[in-house]
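A quick write-up on the structure given underneath.
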Amino acid sequence: MIIKGRVHKFGDDINTDDIIAAKYLVSTDAKELGKHCMETIDPKFSQAVSPGDIIVAGNNFGCGSSREHAPLAIKGSGVSAVIAKSFAAIFFRNAINIGLPFLESLDADKINSGDIIEIDLAAGLIKNITQGQNYKTEAFPEFLRDIVEEGGLMNYIKKRVEK
Amino acid sequence: MAYTIAEKILLAHCGRKDIKPGEFIQADVDVALANDITAPLAISEFKKSGFKRVFNKNKVVLVPDHFAPAKDLKSANQCRVLADFAREQGIKNYFEVGRMGIEHALLPEQGIVLPGDLVIGADSHTCTYGALGAYGTGVGSTDMARAYIDGKCWLKVPASIKFAYKGKLGKWIGGKDLILYTIGKIGVDGASYKVMEFCGPVIDKLGMDDRFTMSNMAIEAGARAGLIAPDATTRKFVSRFKRKPRFYQSDSDAVYEKTYEWNVTKLEPLVACPHLPSNVKPASSLKNIKVDQVVIGSCTNGRISDLRIAAKILKGKKAAPGVKLIVFPATQKIYLEAVKEGLAEIFVKAGGVFSTPTCGPCLGGHMGILTEGEVAIATTNRNFLGRMGSPKSFVYLSGPAVAAASAVTGKITHPDKIK
């Protein structure tokens, strides 16, 4: 899968309260949640995002709560993928489980807000079109790739467990 | 092969001959817990999948605690989803308002989680159960929906980090100070994807309530679990329950990725300053930080011994003018104990709110939202930007002693200052 979009850059330790504040957890609708994505730290984010844009962040992205509403809000805002230097463990599994495309890359630091980048998920390749650079990341282990390729955990399980 | 407690519990639940850190396993869960925020999404995913019955109605636990008692119509609807699903599936471990508690205080109290169990919870503070020598770990709603289908969860076996605490704890020092000290040292991602194992003579002497506080905040260092080896204290705590616990100990030659060893004899009461739990300073170093609100409670510090500490300081005192004091016991049982022991009266006479159990204020849900410019000191677990309300408010975290002392003076205060 190739994803191309404009970058919105964030720092380290972006937590799940930043991504979607608790007061909005009275909905499970991705579009509704998406309207308030990143609101705590960037109130204009949801208006600034164009469909397909990409979030790039530092270390420990998605730390804090287990709320799956966080990756859902990102999806619902129109963001197509997240790149971070590292992800918090629960956010990582939620993103895998719901099929939010993401990559871990230490080169995230080199990417600037507004850059146009292209991601080849399967190959673990990030092409920074604006800066004319390529960054290689480590591909996910096979088990996780299978879940992602089958469109998330529920599809993966439905195929393997008999009703 | 030598194993840590965490590895032994995971091994016992995955039907394999051996495991090692980094491997993916499909583990059988003993308890699948969700709340009024995370369960509705799990239940809707489960229903969409076409499966009709949960894998085992006795292993599914539903606790409406976050926005309960329902704070508005939308949260009432979410709580209703849990009640309906429990009825439809015959789930007996559904806890109605008035009989409930904050999930991570409630489950150990009710004997639903026992040592040796593998617990997944669609709530990040599921790591609390590590205090019992159980592997509790936070997952998402889709993980929960999957567990409803086949009782399993995919896990990557984490490496363990050992934290050994030596010395003798000073007056007012409890589990909260130990865990804040730890997070202050290693940072909010200092144990990312790892298991924290707490041990040493200081832990051996800690009561269960303080142990729960420590394990509860393992997630604040990014950990998947925060384990404490079961001992006589643990055995006594679980002796009243019918189901058989499984007591695991780490092998003496188990492999740890890292070992930290600290002498905590000189530890002072600590406070985590805005906006990260790792921004830790001694309470005595914080001068003239005025507080508008003091929150004592939560899955971190809402247990009876926490309330006793707070009451000891607040007895015969008043909350300072302009300070909103909110005390919320973590379960109905603790609430009743606090009433019987006269603690509730102390809080009310101090000018405080004595609330029914709820996660409410901790996550900025309800029952004590902060407005712009307001400052709170809370015995809760997170002080992220906007956590308790306005993004222009400020949350400091502490144990119950500092919080109660701060209520009396109206600014962050070392408990020794209250005479």
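Letters for chains follow the order of the structure tokens (A, B, ...), residue numbers begin at 1 for each chain, and ligand numbers begin at 1 in the order shown.
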
Would you tabulate, counting only C-alpha atoms, all residues of chain A that have an atom at most 6 Å from an atom of chain B, showing the closest pair of atoms and their distance in Å to one decimal, sorted by chain then ascending number, as a tab-separated table?
residue	atom	partner	partner_atom	distance
A:Lys23	CA	B:Gly365	CA	5.9
A:Val26	CA	B:Lys74	CA	5.7
A:Thr40	CA	B:Pro391	CA	5.9
A:Ser65	CA	B:Ser124	CA	5.1
A:Ser66	CA	B:Ser124	CA	4.8
A:Glu68	CA	B:Gly140	CA	5.5
A:Ala89	CA	B:Tyr193	CA	5.6
A:Ile90	CA	B:Val139	CA	5.9
A:Asn94	CA	B:Gly140	CA	5.7

Those of stretch 37-129 of chain B in DSSP alpha helix (DSSP H), formatted as a PyMOL selection string: chain B and resi 39-48+73-89+103-109

Excluding same-chain residues fewer than 4 positions from stretch 129-131 of chain B, what lies within 6 Å of it counting only C-alpha atoms, as a PyMOL selection string? chain B and resi 135-136+211-212+215+226-228

Just give me the gap between atom CA of A:Leu144 and atom CA of B:Glu7 in Å, one decimal is fine.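 Between these atoms lies a distance of 21.1 Å.
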
Residues within 6 Å of B:Gly101, please, as a ChimeraX atom specification. Count only C-alpha atoms; anything in the same chain fewer than 2 positions from it doesn't count. /B:103,106,330-332,357

Could the residues in this selection be written to a file with N, CA and C atoms, as a short mmCIF file (atom, residue, chain, number, x, y, z; two decimals), in the first residue's frame?
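The result, stored in selection_13.cif:
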data_model
loop_
_atom_site.label_atom_id
_atom_site.label_comp_id
_atom_site.auth_asym_id
_atom_site.auth_seq_id
_atom_site.Cartn_x
_atom_site.Cartn_y
_atom_site.Cartn_z
N GLU B 103 -13.10 -0.01 38.71
CA GLU B 103 -12.79 -1.39 38.32
C GLU B 103 -11.54 -1.98 38.98
N LEU B 106 -12.12 -2.64 42.54
CA LEU B 106 -13.24 -3.56 42.72
C LEU B 106 -12.87 -5.03 42.48
N ALA B 330 -12.86 4.30 46.37
CA ALA B 330 -12.82 3.58 45.10
C ALA B 330 -13.93 2.54 44.94
N THR B 331 -14.48 2.04 46.04
CA THR B 331 -15.58 1.06 45.91
C THR B 331 -16.63 1.32 46.99
N GLN B 332 -17.77 0.71 46.81
CA GLN B 332 -18.85 0.83 47.79
C GLN B 332 -18.41 0.27 49.15
N PRO B 357 -18.29 6.12 44.44
CA PRO B 357 -17.17 5.74 43.58
C PRO B 357 -17.41 6.10 42.11
#

As a VMD selection string, which residues of stretch 89-325 of chain B does DSSP assign to strand (DSSP E)? chain B and resid 118 to 121 135 to 138 152 to 156 160 to 166 195 to 199 225 to 228 258 to 263 270 to 272 280 to 282 293 to 297 324 to 325

Output file for the residues above (C-alpha atoms, as a short mmCIF file (atom, residue, chain, number, x, y, z; two decimals), in the first residue's frame):
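And here's again_17.cif as it stands now:
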data_model
loop_
_atom_site.label_atom_id
_atom_site.label_comp_id
_atom_site.auth_asym_id
_atom_site.auth_seq_id
_atom_site.Cartn_x
_atom_site.Cartn_y
_atom_site.Cartn_z
CA LEU B 118 -3.89 -13.41 33.12
CA VAL B 119 -6.20 -10.42 32.93
CA ILE B 120 -6.83 -8.20 29.95
CA GLY B 121 -8.69 -4.98 30.52
CA TYR B 135 -0.45 -10.45 34.83
CA GLY B 136 -2.84 -7.58 34.20
CA THR B 137 -2.41 -5.66 30.98
CA GLY B 138 -4.28 -2.90 29.18
CA LYS B 152 -7.72 -15.19 23.65
CA CYS B 153 -5.45 -12.20 23.25
CA TRP B 154 -2.34 -11.73 21.14
CA LEU B 155 0.62 -10.63 23.19
CA LYS B 156 4.26 -10.00 22.53
CA SER B 160 11.30 -7.62 32.43
CA ILE B 161 13.07 -4.85 34.32
CA LYS B 162 13.73 -5.34 38.03
CA PHE B 163 13.28 -2.50 40.52
CA ALA B 164 14.71 -3.27 43.98
CA TYR B 165 13.97 -0.86 46.82
CA LYS B 166 16.16 -0.91 49.92
CA VAL B 195 7.28 -5.64 32.55
CA MET B 196 8.29 -3.81 35.71
CA GLU B 197 8.97 -6.13 38.62
CA PHE B 198 9.02 -4.41 42.02
CA CYS B 199 10.94 -6.14 44.83
CA ALA B 225 2.56 -4.91 33.56
CA GLY B 226 3.90 -4.08 37.02
CA LEU B 227 4.45 -7.23 39.02
CA ILE B 228 5.10 -7.93 42.67
CA LYS B 258 17.97 -4.15 33.46
CA THR B 259 18.05 -3.92 37.24
CA TYR B 260 17.63 -0.73 39.23
CA GLU B 261 18.49 -0.73 42.90
CA TRP B 262 17.62 2.26 45.04
CA ASN B 263 17.96 3.09 48.71
CA LEU B 270 6.84 13.57 46.18
CA VAL B 271 4.70 15.47 43.71
CA ALA B 272 4.53 15.05 39.93
CA VAL B 280 8.66 14.71 39.93
CA LYS B 281 9.80 17.04 42.74
CA PRO B 282 9.82 16.84 46.55
CA GLN B 293 -9.08 21.73 44.11
CA VAL B 294 -7.87 18.68 46.02
CA VAL B 295 -8.92 15.27 44.75
CA ILE B 296 -8.40 12.22 46.96
CA GLY B 297 -9.42 8.89 45.45
CA LYS B 324 -12.75 22.38 46.69
CA LEU B 325 -11.98 19.13 48.50
#

I'd like the interatomic distance between atom CA of B:Lys17 and atom CA of B:Tyr148, to a tenth of an Å.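 These two atoms are separated by 25.7 Å.
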
Taking 6 positions as the minimum chain separation for residues in the same chain, which residues sit within 7 Å of A:Pro101 when counting only C-alpha atoms? Answer as a compact mmCIF listing (two decimals) with C-alpha atoms, in the first residue's frame.
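Full text of out.txt as output:
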# COMPACT_ATOMS: atom_id res chain seq x y z
CA SER A 80 -4.03 8.41 6.42
CA ALA A 81 -1.01 7.29 8.45
CA VAL A 82 1.16 8.04 11.47

For A:Ala95, work out the shell of residues within 10 Å, counting only C-alpha atoms and skipping chain neighbours fewer than 2 positions away, then give it as a list in words.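 The residues that qualify are Gly62, Glu68, Ala70, Pro71, Leu72, Ile74, Lys75, Ala81, Val82, Phe87, Ala89, Ile90, Phe91, Phe92, Arg93, Asn97, Ile98, Gly99, Leu100, Pro101, Phe102, Val148 and Gly152 of chain A; Gly140 of chain B.
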
Same residues, C-alpha atoms, output as a PDB file, in the first residue's frame:
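Result saved to again-v6.pdb:
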ATOM      1  CA  GLY A  62      -0.061   7.525  22.053  1.00  0.00           C
ATOM      2  CA  GLU A  68      -9.167   2.920  20.983  1.00  0.00           C
ATOM      3  CA  ALA A  70      -7.503   7.685  19.849  1.00  0.00           C
ATOM      4  CA  PRO A  71      -6.506   5.818  16.667  1.00  0.00           C
ATOM      5  CA  LEU A  72     -10.175   6.006  15.588  1.00  0.00           C
ATOM      6  CA  ILE A  74      -6.973   9.983  13.864  1.00  0.00           C
ATOM      7  CA  LYS A  75      -8.601   7.861  11.167  1.00  0.00           C
ATOM      8  CA  ALA A  81      -1.010   7.293   8.449  1.00  0.00           C
ATOM      9  CA  VAL A  82       1.162   8.043  11.473  1.00  0.00           C
ATOM     10  CA  PHE A  87       4.763   4.253  19.842  1.00  0.00           C
ATOM     11  CA  ALA A  89       2.445  -0.232  23.528  1.00  0.00           C
ATOM     12  CA  ILE A  90      -1.355  -0.040  23.825  1.00  0.00           C
ATOM     13  CA  PHE A  91      -1.660   2.553  21.052  1.00  0.00           C
ATOM     14  CA  PHE A  92       0.564   0.331  18.905  1.00  0.00           C
ATOM     15  CA  ARG A  93      -1.715  -2.687  19.300  1.00  0.00           C
ATOM     16  CA  ASN A  97      -6.043  -4.038  15.432  1.00  0.00           C
ATOM     17  CA  ILE A  98      -8.090  -1.365  13.669  1.00  0.00           C
ATOM     18  CA  GLY A  99      -5.827  -1.171  10.649  1.00  0.00           C
ATOM     19  CA  LEU A 100      -4.493   2.385  11.056  1.00  0.00           C
ATOM     20  CA  PRO A 101      -1.366   2.487   8.895  1.00  0.00           C
ATOM     21  CA  PHE A 102       1.727   3.491  10.866  1.00  0.00           C
ATOM     22  CA  VAL A 148      -2.805  -5.395   8.948  1.00  0.00           C
ATOM     23  CA  GLY A 152      -7.537  -5.551  11.249  1.00  0.00           C
TER      24      GLY A 152
ATOM     25  CA  GLY B 140      -8.094  -1.894  23.339  1.00  0.00           C
TER      26      GLY B 140
END

Considering only C-alpha atoms, can you say which of A:Ser27, A:Thr130, A:Ser50, A:Ser86 comes closest to A:Asp13?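 Residue with the minimum atom-to-atom distance to A:Asp13: A:Ser86.
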
Take atom CA of B:Ala147 and atom CA of A:Leu153 and report the distance between them in Å, one decimal.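 It comes out at 10.9 Å.
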
Tell me which protein, DNA and RNA residues are within 10 Å of B:Phe354, counting only C-alpha atoms, leaving out same-chain ones fewer than 4 positions away, and put them as number ranges by chain. B: 296, 325-329, 335, 338-339, 343-348
